[in-house]
Amino acid sequence: MSLRRLSLCVVATGLAIAAPAGDSFDPGRYLDHIKFLASPEMKGRATGSPELEKAAAYIADQFKADGIPPVPGQTGYLQPFEVTTSASLGRNNRFEIAVGSGVQTLQVSKEFVPFNFSSSGKASASVVFAGYGITAPEYNYDDYKGLDVKDKFVLVLAHEPQENDPKSVFEGKVLTSHGDFYSKASNAKVHGARGVIVVNDRINHASDADDLERFGNTNGPTDAGILFVQVKEEIVKPWFQAAGKDIEQLEKDIDTDLQPRSFALPRFEVRETVDVERAVKTAHNVVAYLPGQTDEYIIFGAHYDHLGLGGQYSLAPSLTGTVHPGADDNASGTAGVLELARYFASQPKPKRGFLFMTFAGEELGLLGSGYYTKHPELPLAKAVTMINMDMIGRVQNGKLYIGGAGTGNSLRSDLDRITPQFDKLKIDYSGNDGYGSSDHTSFTGQQVPVLFFFSGLHGDYHKPSDTWDKIDSVAAVQVLQLVAEVANRIDNDAERPQYIRVEPTNPHSGSAGPVSGSGGGGYGPDFGSIPDFAEPPTGVRFADVRPGSPAALAGLKGGDILVKFGDRDIANLYDFTYALRAHKPGDEVLVEVLRKDEKITAKVKLTVRK
């Protein structure tokens with residue numbers, strides 16, 4: 001979830017296994033799937049890794065053993081798609097400081113390091129100190145006020161001012177999004193800078209002032225469209241001394257009165273070469289189909305990838321390099337798909353077919369499910385409901401979340417007839433809108449009704465400690481029985497559920513990445529788009545546009561690719577987030593989108609977020 005076993009070790013909850021789906025769901029067999037998928041040998045199942053391909057083969061073998069064939073017309077169970085899986089430092093990273101006729105060359109990864117979202121390229125330019133690199137009109141703060149940085153490198157401090165002051169006009173001890181590195185990159189790009197040089201702010205982080213970020217640990221787009229490196233503070237101190245200033249005193253002064261202390265650093269030039277290599281690999285969704293009596297069908301889905309050895313989405317960054325097994329996230333949901341496939345294969349032929357899918361690339365941004373909805377192996381118009389399971393293995397105190405119940409006109413009534421049979425489960429219908437940080441969102445955007453089953457977050461989420469021995473297979477099996485009963489009810493309904501658009505409450509809750517103009521709380525206006533997290537070559541593709549929203553009223557549609565917002569070019573979701581945040585409700589913004597081969601401009605009047 002968009003974040004190892006030897007013996008049966010089940011955490012008992014006292015949940016009785018209900019009878020509705022018979023005794024075909026076995027906790028031990030369910031747990032065996034998880035033991036395999038989350039074993040140390042599977043190395044965390046990172047998308048693009050040999051271990052994920054091994055997992056795909058395992059899933060396909062299970063479908064075949066249960067007598068469930070591939071989709072008619074397909075040659076096998078695997079649907080391939082390409083994905084940018086990782087970034088690594090190339091051989092040609094170089095940072096030189098030229099003063100007069102002398103040149104100082106820094107050591108990569110010891111004195112400077114590029115960020116994984118940096119563009120690759122070469123540039124030589126003078127350097128301008130731009131404080132924290134923040135423009136925040138809502139806080140009446142702007143490090144770039146009156147500053148010319150066009151075609152120059154900007155040197156900026158990490159984090160944000162008054163970080164440890166609970167009375168700060170920022171948010172005190174909680175960093176705002178302005179402190180994120182991607183925000184500093186977008187802001188520098190807006191102001192015309194050629195590149196960003198970031199240095200740690202010693203005033204708030206004295207203990208790690210000269211630690212370099214580990215390459216690959218920072219969130220951001222695949223390519224920010226600007227050079228972005230970090231340099232140790234000890235390297236830049238002489239730059240300030242040559243100008244008669246002290247960097248630590250400047251930090252203190254900014255924190256005192258929130259006034260910019262930006263200026264051009266004199267008498268030297270920086271020469272940078274950044275070489276970031278991005279790996280493009282083939283990953284696979286695994287798809288099997290149990291035909292019904294009609295051409296309509298119900299989808300069961302779960303993602304089977306995880307974080308591999310950690311990296312930028314790990315919540316234990318100091319343990320990067322350690323296997324993140326992903327037992328609950330999401331071997332638990334994958335095992336659920338396998339057990340449901342096995343169960344339904346043993347039952348009489350259903351009225352509607354059952355499509356069983358496990359997705360790759362979810363942790364990188366719903367990539368596998370997003371690819372499938374653009375390249376479906378069966379017509380999406382015939383998909384009656386998509387049922388997604390992500391983290392169903394650790395039901396706590398009987399609590400089970402079911403999302404998406406509002407996306408089909410009959411889904412909630414079907415659930416209300418079934419859930420009383422499972423009185424040990426306490427159902428929470430959060431996420432009624434069908435959006436969220438898991439694969440059902442890809443189908444909501446295609447107007448397929450969805451249901452999302454989720455047992456809740458826990459302290460092991462996206463950490464090496466998400467291991468098989470913490471899975472409660474007894475409770476998980478009861479969730480599968482509930483899912484089976486819901487599917488049977490939908491299958492036997494005379495009428496299929498009709499899709500209903502529901503106003504998203506927070507479409508990116510829990511996702512890795514920035515919020516956009518799609519709603520959600522916080523500062524800024526509402527735009528009304530739901531982004532497709534699979535980045536196009538440039539711009540932001542809309543998975544959907546909310547009815548009645550500013551974007552919808554301006555004639556924008558799902559599938560449009562936003563490439564310009566006001567006077568700002570939009571290369572990725574992070575640029576869009578930053579551009580939107582610079583406006584306020586009531587502003588009218590001219591935007592440009594690509595719709596297939598056509599370029600369309602529209603005026604969008606932003607409104608207040610609700």
# chains A, B, ... in the order shown; residues from 1 in each chain; ligands from 1

call {"tool": "select_by_dssp", "arguments": {"residues": "stretch 304-448 of chain A", "states": "helix (DSSP H, G or I)", "output": "VMD selection string"}}
result
chain A and resid 317 to 319 327 to 345 367 to 374 380 to 382 405 to 407 411 to 421 440 to 444

call {"tool": "closest_atom_pairs", "arguments": {"of": "stretch 391-463 of chain A", "to": "stretch 29-40 of chain A", "cutoff": "12 Å", "atoms": "only C-alpha atoms", "output": "tab-separated table"}}
result
residue	atom	partner	partner_atom	distance
A:Met391	CA	A:Ile34	CA	11.7
A:Ile392	CA	A:Ile34	CA	11.7
A:Gly393	CA	A:Leu31	CA	9.4

call {"tool": "write_last_selection", "arguments": {"atoms": "all heavy atoms", "output": "mmCIF file, in the first residue's frame"}}
result
data_model
loop_
_atom_site.group_PDB
_atom_site.id
_atom_site.type_symbol
_atom_site.label_atom_id
_atom_site.label_comp_id
_atom_site.auth_asym_id
_atom_site.auth_seq_id
_atom_site.Cartn_x
_atom_site.Cartn_y
_atom_site.Cartn_z
ATOM 1 N N MET A 391 -3.601 -4.905 2.464
ATOM 2 C CA MET A 391 -3.365 -4.985 3.896
ATOM 3 C C MET A 391 -4.625 -5.462 4.635
ATOM 4 O O MET A 391 -5.317 -4.695 5.272
ATOM 5 C CB MET A 391 -2.871 -3.648 4.455
ATOM 6 C CG MET A 391 -1.549 -3.193 3.864
ATOM 7 S SD MET A 391 -0.983 -1.562 4.433
ATOM 8 C CE MET A 391 -0.759 -1.869 6.191
ATOM 9 N N ILE A 392 -4.883 -6.740 4.517
ATOM 10 C CA ILE A 392 -6.032 -7.339 5.215
ATOM 11 C C ILE A 392 -5.569 -8.343 6.275
ATOM 12 O O ILE A 392 -6.395 -9.066 6.833
ATOM 13 C CB ILE A 392 -6.985 -8.039 4.224
ATOM 14 C CG1 ILE A 392 -6.271 -9.194 3.494
ATOM 15 C CG2 ILE A 392 -7.567 -7.044 3.233
ATOM 16 C CD1 ILE A 392 -7.217 -10.117 2.743
ATOM 17 N N GLY A 393 -4.275 -8.373 6.557
ATOM 18 C CA GLY A 393 -3.727 -9.433 7.387
ATOM 19 C C GLY A 393 -3.593 -9.137 8.858
ATOM 20 O O GLY A 393 -3.163 -10.010 9.617
#

call {"tool": "residues_around", "arguments": {"residues": "A:Ala46", "least_positions_apart": "5", "cutoff": "7 Å", "atoms": "only C-alpha atoms", "output": "short mmCIF file (atom, residue, chain, number, x, y, z; two decimals) with N, CA and C atoms, in the first residue's frame"}}
result
data_model
loop_
_atom_site.label_atom_id
_atom_site.label_comp_id
_atom_site.auth_asym_id
_atom_site.auth_seq_id
_atom_site.Cartn_x
_atom_site.Cartn_y
_atom_site.Cartn_z
N LEU A 52 10.38 -10.21 -7.80
CA LEU A 52 8.97 -9.96 -8.14
C LEU A 52 8.55 -10.86 -9.29
N ASP A 305 3.59 -6.30 -5.28
CA ASP A 305 4.92 -5.71 -5.13
C ASP A 305 5.07 -5.08 -3.74
N HIS A 306 6.32 -4.82 -3.36
CA HIS A 306 6.59 -4.05 -2.14
C HIS A 306 7.84 -3.21 -2.36
N LEU A 307 8.56 -2.88 -1.31
CA LEU A 307 9.63 -1.89 -1.38
C LEU A 307 11.01 -2.47 -1.61
N GLY A 308 11.13 -3.78 -1.73
CA GLY A 308 12.46 -4.36 -1.90
C GLY A 308 13.31 -4.19 -0.66
#

call {"tool": "residues_around", "arguments": {"residues": "stretch 587-596 of chain A", "least_positions_apart": "3", "cutoff": "8 Å", "atoms": "only C-alpha atoms", "output": "PDB file with all heavy atoms, in the first residue's frame"}}
result
ATOM      1  N   GLY A 559      -8.312  12.069 -18.535  1.00  0.00           N
ATOM      2  CA  GLY A 559      -7.484  11.772 -19.702  1.00  0.00           C
ATOM      3  C   GLY A 559      -6.727  12.972 -20.227  1.00  0.00           C
ATOM      4  O   GLY A 559      -5.728  12.822 -20.942  1.00  0.00           O
ATOM      5  N   ASP A 560      -7.185  14.190 -19.897  1.00  0.00           N
ATOM      6  CA  ASP A 560      -6.455  15.396 -20.290  1.00  0.00           C
ATOM      7  C   ASP A 560      -5.098  15.426 -19.587  1.00  0.00           C
ATOM      8  O   ASP A 560      -4.963  14.956 -18.452  1.00  0.00           O
ATOM      9  CB  ASP A 560      -7.228  16.664 -19.905  1.00  0.00           C
ATOM     10  CG  ASP A 560      -8.465  16.889 -20.769  1.00  0.00           C
ATOM     11  OD1 ASP A 560      -8.602  16.205 -21.799  1.00  0.00           O
ATOM     12  OD2 ASP A 560      -9.284  17.749 -20.400  1.00  0.00           O
ATOM     13  N   ILE A 561      -4.099  16.004 -20.247  1.00  0.00           N
ATOM     14  CA  ILE A 561      -2.766  16.152 -19.661  1.00  0.00           C
ATOM     15  C   ILE A 561      -2.478  17.638 -19.486  1.00  0.00           C
ATOM     16  O   ILE A 561      -2.389  18.382 -20.469  1.00  0.00           O
ATOM     17  CB  ILE A 561      -1.690  15.502 -20.544  1.00  0.00           C
ATOM     18  CG1 ILE A 561      -1.953  13.998 -20.690  1.00  0.00           C
ATOM     19  CG2 ILE A 561      -0.296  15.729 -19.943  1.00  0.00           C
ATOM     20  CD1 ILE A 561      -1.005  13.303 -21.643  1.00  0.00           C
ATOM     21  N   LEU A 562      -2.368  18.076 -18.255  1.00  0.00           N
ATOM     22  CA  LEU A 562      -2.090  19.477 -17.947  1.00  0.00           C
ATOM     23  C   LEU A 562      -0.615  19.775 -18.216  1.00  0.00           C
ATOM     24  O   LEU A 562       0.271  19.111 -17.669  1.00  0.00           O
ATOM     25  CB  LEU A 562      -2.414  19.760 -16.482  1.00  0.00           C
ATOM     26  CG  LEU A 562      -2.158  21.190 -15.986  1.00  0.00           C
ATOM     27  CD1 LEU A 562      -3.177  22.156 -16.577  1.00  0.00           C
ATOM     28  CD2 LEU A 562      -2.216  21.240 -14.456  1.00  0.00           C
ATOM     29  N   VAL A 563      -0.352  20.766 -19.054  1.00  0.00           N
ATOM     30  CA  VAL A 563       1.042  21.115 -19.376  1.00  0.00           C
ATOM     31  C   VAL A 563       1.376  22.562 -19.027  1.00  0.00           C
ATOM     32  O   VAL A 563       2.549  22.936 -18.996  1.00  0.00           O
ATOM     33  CB  VAL A 563       1.351  20.852 -20.867  1.00  0.00           C
ATOM     34  CG1 VAL A 563       1.297  19.373 -21.183  1.00  0.00           C
ATOM     35  CG2 VAL A 563       0.405  21.631 -21.784  1.00  0.00           C
ATOM     36  N   LYS A 564       0.365  23.381 -18.754  1.00  0.00           N
ATOM     37  CA  LYS A 564       0.640  24.773 -18.380  1.00  0.00           C
ATOM     38  C   LYS A 564      -0.445  25.246 -17.421  1.00  0.00           C
ATOM     39  O   LYS A 564      -1.639  24.982 -17.619  1.00  0.00           O
ATOM     40  CB  LYS A 564       0.676  25.668 -19.619  1.00  0.00           C
ATOM     41  CG  LYS A 564       1.424  26.983 -19.410  1.00  0.00           C
ATOM     42  CD  LYS A 564       1.630  27.715 -20.733  1.00  0.00           C
ATOM     43  CE  LYS A 564       2.487  28.956 -20.578  1.00  0.00           C
ATOM     44  NZ  LYS A 564       3.891  28.621 -20.260  1.00  0.00           N
ATOM     45  N   PHE A 565      -0.011  25.938 -16.359  1.00  0.00           N
ATOM     46  CA  PHE A 565      -0.931  26.464 -15.352  1.00  0.00           C
ATOM     47  C   PHE A 565      -0.560  27.920 -15.136  1.00  0.00           C
ATOM     48  O   PHE A 565       0.487  28.221 -14.545  1.00  0.00           O
ATOM     49  CB  PHE A 565      -0.801  25.667 -14.055  1.00  0.00           C
ATOM     50  CG  PHE A 565      -1.845  25.992 -13.009  1.00  0.00           C
ATOM     51  CD1 PHE A 565      -3.051  25.309 -12.988  1.00  0.00           C
ATOM     52  CD2 PHE A 565      -1.615  26.964 -12.054  1.00  0.00           C
ATOM     53  CE1 PHE A 565      -4.006  25.600 -12.022  1.00  0.00           C
ATOM     54  CE2 PHE A 565      -2.562  27.263 -11.088  1.00  0.00           C
ATOM     55  CZ  PHE A 565      -3.760  26.577 -11.070  1.00  0.00           C
ATOM     56  N   GLY A 566      -1.373  28.841 -15.652  1.00  0.00           N
ATOM     57  CA  GLY A 566      -0.995  30.244 -15.630  1.00  0.00           C
ATOM     58  C   GLY A 566       0.234  30.445 -16.494  1.00  0.00           C
ATOM     59  O   GLY A 566       0.296  29.983 -17.638  1.00  0.00           O
ATOM     60  N   HIS A 583      -1.695  30.225  -5.736  1.00  0.00           N
ATOM     61  CA  HIS A 583      -2.930  30.969  -6.005  1.00  0.00           C
ATOM     62  C   HIS A 583      -3.867  30.892  -4.810  1.00  0.00           C
ATOM     63  O   HIS A 583      -3.617  30.167  -3.845  1.00  0.00           O
ATOM     64  CB  HIS A 583      -3.601  30.409  -7.259  1.00  0.00           C
ATOM     65  CG  HIS A 583      -2.865  30.733  -8.522  1.00  0.00           C
ATOM     66  ND1 HIS A 583      -3.104  31.872  -9.261  1.00  0.00           N
ATOM     67  CD2 HIS A 583      -1.871  30.070  -9.166  1.00  0.00           C
ATOM     68  CE1 HIS A 583      -2.293  31.894 -10.314  1.00  0.00           C
ATOM     69  NE2 HIS A 583      -1.540  30.812 -10.276  1.00  0.00           N
ATOM     70  N   LYS A 584      -4.953  31.619  -4.922  1.00  0.00           N
ATOM     71  CA  LYS A 584      -5.937  31.634  -3.849  1.00  0.00           C
ATOM     72  C   LYS A 584      -7.330  31.462  -4.447  1.00  0.00           C
ATOM     73  O   LYS A 584      -7.544  31.676  -5.655  1.00  0.00           O
ATOM     74  CB  LYS A 584      -5.856  32.945  -3.069  1.00  0.00           C
ATOM     75  CG  LYS A 584      -6.105  34.201  -3.876  1.00  0.00           C
ATOM     76  CD  LYS A 584      -5.915  35.441  -3.010  1.00  0.00           C
ATOM     77  CE  LYS A 584      -6.238  36.719  -3.788  1.00  0.00           C
ATOM     78  NZ  LYS A 584      -5.353  36.911  -4.950  1.00  0.00           N
ATOM     79  N   LYS A 599      -4.437  20.570 -28.568  1.00  0.00           N
ATOM     80  CA  LYS A 599      -4.048  21.438 -27.462  1.00  0.00           C
ATOM     81  C   LYS A 599      -5.227  22.340 -27.131  1.00  0.00           C
ATOM     82  O   LYS A 599      -5.754  23.043 -28.001  1.00  0.00           O
ATOM     83  CB  LYS A 599      -2.821  22.267 -27.839  1.00  0.00           C
ATOM     84  CG  LYS A 599      -2.255  23.098 -26.706  1.00  0.00           C
ATOM     85  CD  LYS A 599      -0.975  23.814 -27.114  1.00  0.00           C
ATOM     86  CE  LYS A 599       0.168  22.839 -27.281  1.00  0.00           C
ATOM     87  NZ  LYS A 599       1.450  23.547 -27.533  1.00  0.00           N
ATOM     88  N   ILE A 600      -5.645  22.325 -25.863  1.00  0.00           N
ATOM     89  CA  ILE A 600      -6.848  23.055 -25.444  1.00  0.00           C
ATOM     90  C   ILE A 600      -6.486  24.018 -24.323  1.00  0.00           C
ATOM     91  O   ILE A 600      -5.767  23.651 -23.381  1.00  0.00           O
ATOM     92  CB  ILE A 600      -7.936  22.073 -24.964  1.00  0.00           C
ATOM     93  CG1 ILE A 600      -8.384  21.181 -26.131  1.00  0.00           C
ATOM     94  CG2 ILE A 600      -9.125  22.817 -24.357  1.00  0.00           C
ATOM     95  CD1 ILE A 600      -9.298  20.058 -25.703  1.00  0.00           C
ATOM     96  N   THR A 601      -6.974  25.237 -24.415  1.00  0.00           N
ATOM     97  CA  THR A 601      -6.810  26.200 -23.326  1.00  0.00           C
ATOM     98  C   THR A 601      -8.168  26.450 -22.680  1.00  0.00           C
ATOM     99  O   THR A 601      -9.213  26.398 -23.343  1.00  0.00           O
ATOM    100  CB  THR A 601      -6.220  27.525 -23.826  1.00  0.00           C
ATOM    101  OG1 THR A 601      -7.068  28.071 -24.841  1.00  0.00           O
ATOM    102  CG2 THR A 601      -4.831  27.309 -24.405  1.00  0.00           C
ATOM    103  N   ALA A 602      -8.151  26.698 -21.393  1.00  0.00           N
ATOM    104  CA  ALA A 602      -9.392  26.945 -20.664  1.00  0.00           C
ATOM    105  C   ALA A 602      -9.109  27.846 -19.483  1.00  0.00           C
ATOM    106  O   ALA A 602      -8.020  27.813 -18.900  1.00  0.00           O
ATOM    107  CB  ALA A 602     -10.001  25.624 -20.190  1.00  0.00           C
ATOM    108  N   LYS A 603     -10.087  28.663 -19.118  1.00  0.00           N
ATOM    109  CA  LYS A 603      -9.995  29.485 -17.926  1.00  0.00           C
ATOM    110  C   LYS A 603     -10.679  28.762 -16.773  1.00  0.00           C
ATOM    111  O   LYS A 603     -11.840  28.374 -16.873  1.00  0.00           O
ATOM    112  CB  LYS A 603     -10.651  30.854 -18.152  1.00  0.00           C
ATOM    113  CG  LYS A 603      -9.841  31.779 -19.033  1.00  0.00           C
ATOM    114  CD  LYS A 603     -10.492  33.148 -19.127  1.00  0.00           C
ATOM    115  CE  LYS A 603      -9.648  34.101 -19.971  1.00  0.00           C
ATOM    116  NZ  LYS A 603     -10.288  35.443 -20.080  1.00  0.00           N
ATOM    117  N   VAL A 604      -9.937  28.584 -15.692  1.00  0.00           N
ATOM    118  CA  VAL A 604     -10.449  27.874 -14.524  1.00  0.00           C
ATOM    119  C   VAL A 604     -10.529  28.848 -13.359  1.00  0.00           C
ATOM    120  O   VAL A 604      -9.521  29.461 -12.988  1.00  0.00           O
ATOM    121  CB  VAL A 604      -9.547  26.682 -14.153  1.00  0.00           C
ATOM    122  CG1 VAL A 604     -10.099  25.964 -12.927  1.00  0.00           C
ATOM    123  CG2 VAL A 604      -9.418  25.720 -15.327  1.00  0.00           C
ATOM    124  N   LYS A 605     -11.715  28.992 -12.791  1.00  0.00           N
ATOM    125  CA  LYS A 605     -11.883  29.848 -11.627  1.00  0.00           C
ATOM    126  C   LYS A 605     -11.811  28.995 -10.369  1.00  0.00           C
ATOM    127  O   LYS A 605     -12.686  28.161 -10.100  1.00  0.00           O
ATOM    128  CB  LYS A 605     -13.208  30.602 -11.670  1.00  0.00           C
ATOM    129  CG  LYS A 605     -13.327  31.653 -10.565  1.00  0.00           C
ATOM    130  CD  LYS A 605     -14.547  32.527 -10.738  1.00  0.00           C
ATOM    131  CE  LYS A 605     -14.594  33.620  -9.668  1.00  0.00           C
ATOM    132  NZ  LYS A 605     -15.764  34.516  -9.835  1.00  0.00           N
ATOM    133  N   LEU A 606     -10.751  29.190  -9.602  1.00  0.00           N
ATOM    134  CA  LEU A 606     -10.500  28.365  -8.422  1.00  0.00           C
ATOM    135  C   LEU A 606     -11.480  28.698  -7.304  1.00  0.00           C
ATOM    136  O   LEU A 606     -11.914  29.846  -7.157  1.00  0.00           O
ATOM    137  CB  LEU A 606      -9.060  28.573  -7.946  1.00  0.00           C
ATOM    138  CG  LEU A 606      -7.984  28.331  -9.005  1.00  0.00           C
ATOM    139  CD1 LEU A 606      -6.611  28.707  -8.451  1.00  0.00           C
ATOM    140  CD2 LEU A 606      -7.993  26.887  -9.474  1.00  0.00           C
ATOM    141  N   THR A 607     -11.824  27.690  -6.537  1.00  0.00           N
ATOM    142  CA  THR A 607     -12.767  27.877  -5.432  1.00  0.00           C
ATOM    143  C   THR A 607     -12.116  27.459  -4.116  1.00  0.00           C
ATOM    144  O   THR A 607     -10.985  26.988  -4.079  1.00  0.00           O
ATOM    145  CB  THR A 607     -14.050  27.059  -5.665  1.00  0.00           C
ATOM    146  OG1 THR A 607     -13.703  25.671  -5.801  1.00  0.00           O
ATOM    147  CG2 THR A 607     -14.771  27.528  -6.922  1.00  0.00           C
TER     148      THR A 607
END

call {"tool": "residues_around", "arguments": {"residues": "A:Gly370", "least_positions_apart": "4", "cutoff": "9 Å", "atoms": "only C-alpha atoms", "output": "JSON, numbers by chain"}}
result
{"A": [362, 365, 366, 374, 375, 439, 441, 442, 443, 532, 533, 534]}

call {"tool": "residues_around", "arguments": {"residues": "A:Pro379", "least_positions_apart": "4", "cutoff": "12 Å", "atoms": "only C-alpha atoms", "output": "list in words"}}
result
Val71, Asp295, Glu296, Tyr297, Ile298, Ile299, Leu355, Tyr372, Thr373, Lys374, His375, Ala383, Val384, Gln446 and Val448 of chain A

call {"tool": "atom_distance", "arguments": {"atom1": "atom CA of A:Lys351", "atom2": "atom CA of A:Gly73"}}
result
21.0 Å

call {"tool": "decode", "arguments": {"residues": "stretch 528-545 of chain A", "atoms": "N, CA and C atoms", "output": "PDB file, in the first residue's frame"}}
result
ATOM      1  N   GLY A 528      -9.952  20.540  -8.699  1.00  0.00           N
ATOM      2  CA  GLY A 528     -10.976  19.547  -9.014  1.00  0.00           C
ATOM      3  C   GLY A 528     -10.519  18.358  -9.819  1.00  0.00           C
ATOM      4  N   SER A 529      -9.208  18.153  -9.966  1.00  0.00           N
ATOM      5  CA  SER A 529      -8.733  17.010 -10.745  1.00  0.00           C
ATOM      6  C   SER A 529      -8.256  15.898  -9.823  1.00  0.00           C
ATOM      7  N   ILE A 530      -8.319  14.681 -10.331  1.00  0.00           N
ATOM      8  CA  ILE A 530      -7.747  13.513  -9.669  1.00  0.00           C
ATOM      9  C   ILE A 530      -6.592  13.052 -10.543  1.00  0.00           C
ATOM     10  N   PRO A 531      -5.342  13.107 -10.068  1.00  0.00           N
ATOM     11  CA  PRO A 531      -4.213  12.797 -10.947  1.00  0.00           C
ATOM     12  C   PRO A 531      -4.041  11.304 -11.187  1.00  0.00           C
ATOM     13  N   ASP A 532      -3.535  10.997 -12.365  1.00  0.00           N
ATOM     14  CA  ASP A 532      -3.073   9.651 -12.691  1.00  0.00           C
ATOM     15  C   ASP A 532      -1.607   9.602 -12.282  1.00  0.00           C
ATOM     16  N   PHE A 533      -1.256   8.710 -11.347  1.00  0.00           N
ATOM     17  CA  PHE A 533       0.090   8.725 -10.786  1.00  0.00           C
ATOM     18  C   PHE A 533       1.147   8.163 -11.734  1.00  0.00           C
ATOM     19  N   ALA A 534       0.731   7.545 -12.816  1.00  0.00           N
ATOM     20  CA  ALA A 534       1.703   7.121 -13.828  1.00  0.00           C
ATOM     21  C   ALA A 534       2.060   8.348 -14.657  1.00  0.00           C
ATOM     22  N   GLU A 535       3.269   8.860 -14.455  1.00  0.00           N
ATOM     23  CA  GLU A 535       3.657  10.116 -15.087  1.00  0.00           C
ATOM     24  C   GLU A 535       3.760   9.965 -16.600  1.00  0.00           C
ATOM     25  N   PRO A 536       3.110  10.845 -17.357  1.00  0.00           N
ATOM     26  CA  PRO A 536       3.362  10.886 -18.795  1.00  0.00           C
ATOM     27  C   PRO A 536       4.748  11.477 -19.032  1.00  0.00           C
ATOM     28  N   PRO A 537       5.224  11.503 -20.288  1.00  0.00           N
ATOM     29  CA  PRO A 537       6.552  12.092 -20.528  1.00  0.00           C
ATOM     30  C   PRO A 537       6.695  13.494 -19.964  1.00  0.00           C
ATOM     31  N   THR A 538       5.639  14.287 -20.027  1.00  0.00           N
ATOM     32  CA  THR A 538       5.642  15.600 -19.381  1.00  0.00           C
ATOM     33  C   THR A 538       4.209  15.980 -19.071  1.00  0.00           C
ATOM     34  N   GLY A 539       4.008  16.708 -17.980  1.00  0.00           N
ATOM     35  CA  GLY A 539       2.675  17.138 -17.602  1.00  0.00           C
ATOM     36  C   GLY A 539       2.038  16.245 -16.553  1.00  0.00           C
ATOM     37  N   VAL A 540       0.760  16.524 -16.260  1.00  0.00           N
ATOM     38  CA  VAL A 540      -0.020  15.757 -15.288  1.00  0.00           C
ATOM     39  C   VAL A 540      -1.280  15.260 -15.973  1.00  0.00           C
ATOM     40  N   ARG A 541      -1.411  13.955 -16.083  1.00  0.00           N
ATOM     41  CA  ARG A 541      -2.618  13.375 -16.666  1.00  0.00           C
ATOM     42  C   ARG A 541      -3.696  13.268 -15.598  1.00  0.00           C
ATOM     43  N   PHE A 542      -4.921  13.644 -15.944  1.00  0.00           N
ATOM     44  CA  PHE A 542      -6.035  13.536 -15.013  1.00  0.00           C
ATOM     45  C   PHE A 542      -6.673  12.154 -15.142  1.00  0.00           C
ATOM     46  N   ALA A 543      -6.724  11.416 -14.043  1.00  0.00           N
ATOM     47  CA  ALA A 543      -7.472  10.165 -14.030  1.00  0.00           C
ATOM     48  C   ALA A 543      -8.964  10.454 -14.061  1.00  0.00           C
ATOM     49  N   ASP A 544      -9.343  11.564 -13.457  1.00  0.00           N
ATOM     50  CA  ASP A 544     -10.759  11.940 -13.411  1.00  0.00           C
ATOM     51  C   ASP A 544     -10.844  13.420 -13.070  1.00  0.00           C
ATOM     52  N   VAL A 545     -12.000  14.001 -13.302  1.00  0.00           N
ATOM     53  CA  VAL A 545     -12.292  15.380 -12.920  1.00  0.00           C
ATOM     54  C   VAL A 545     -13.613  15.366 -12.167  1.00  0.00           C
TER      55      VAL A 545
END
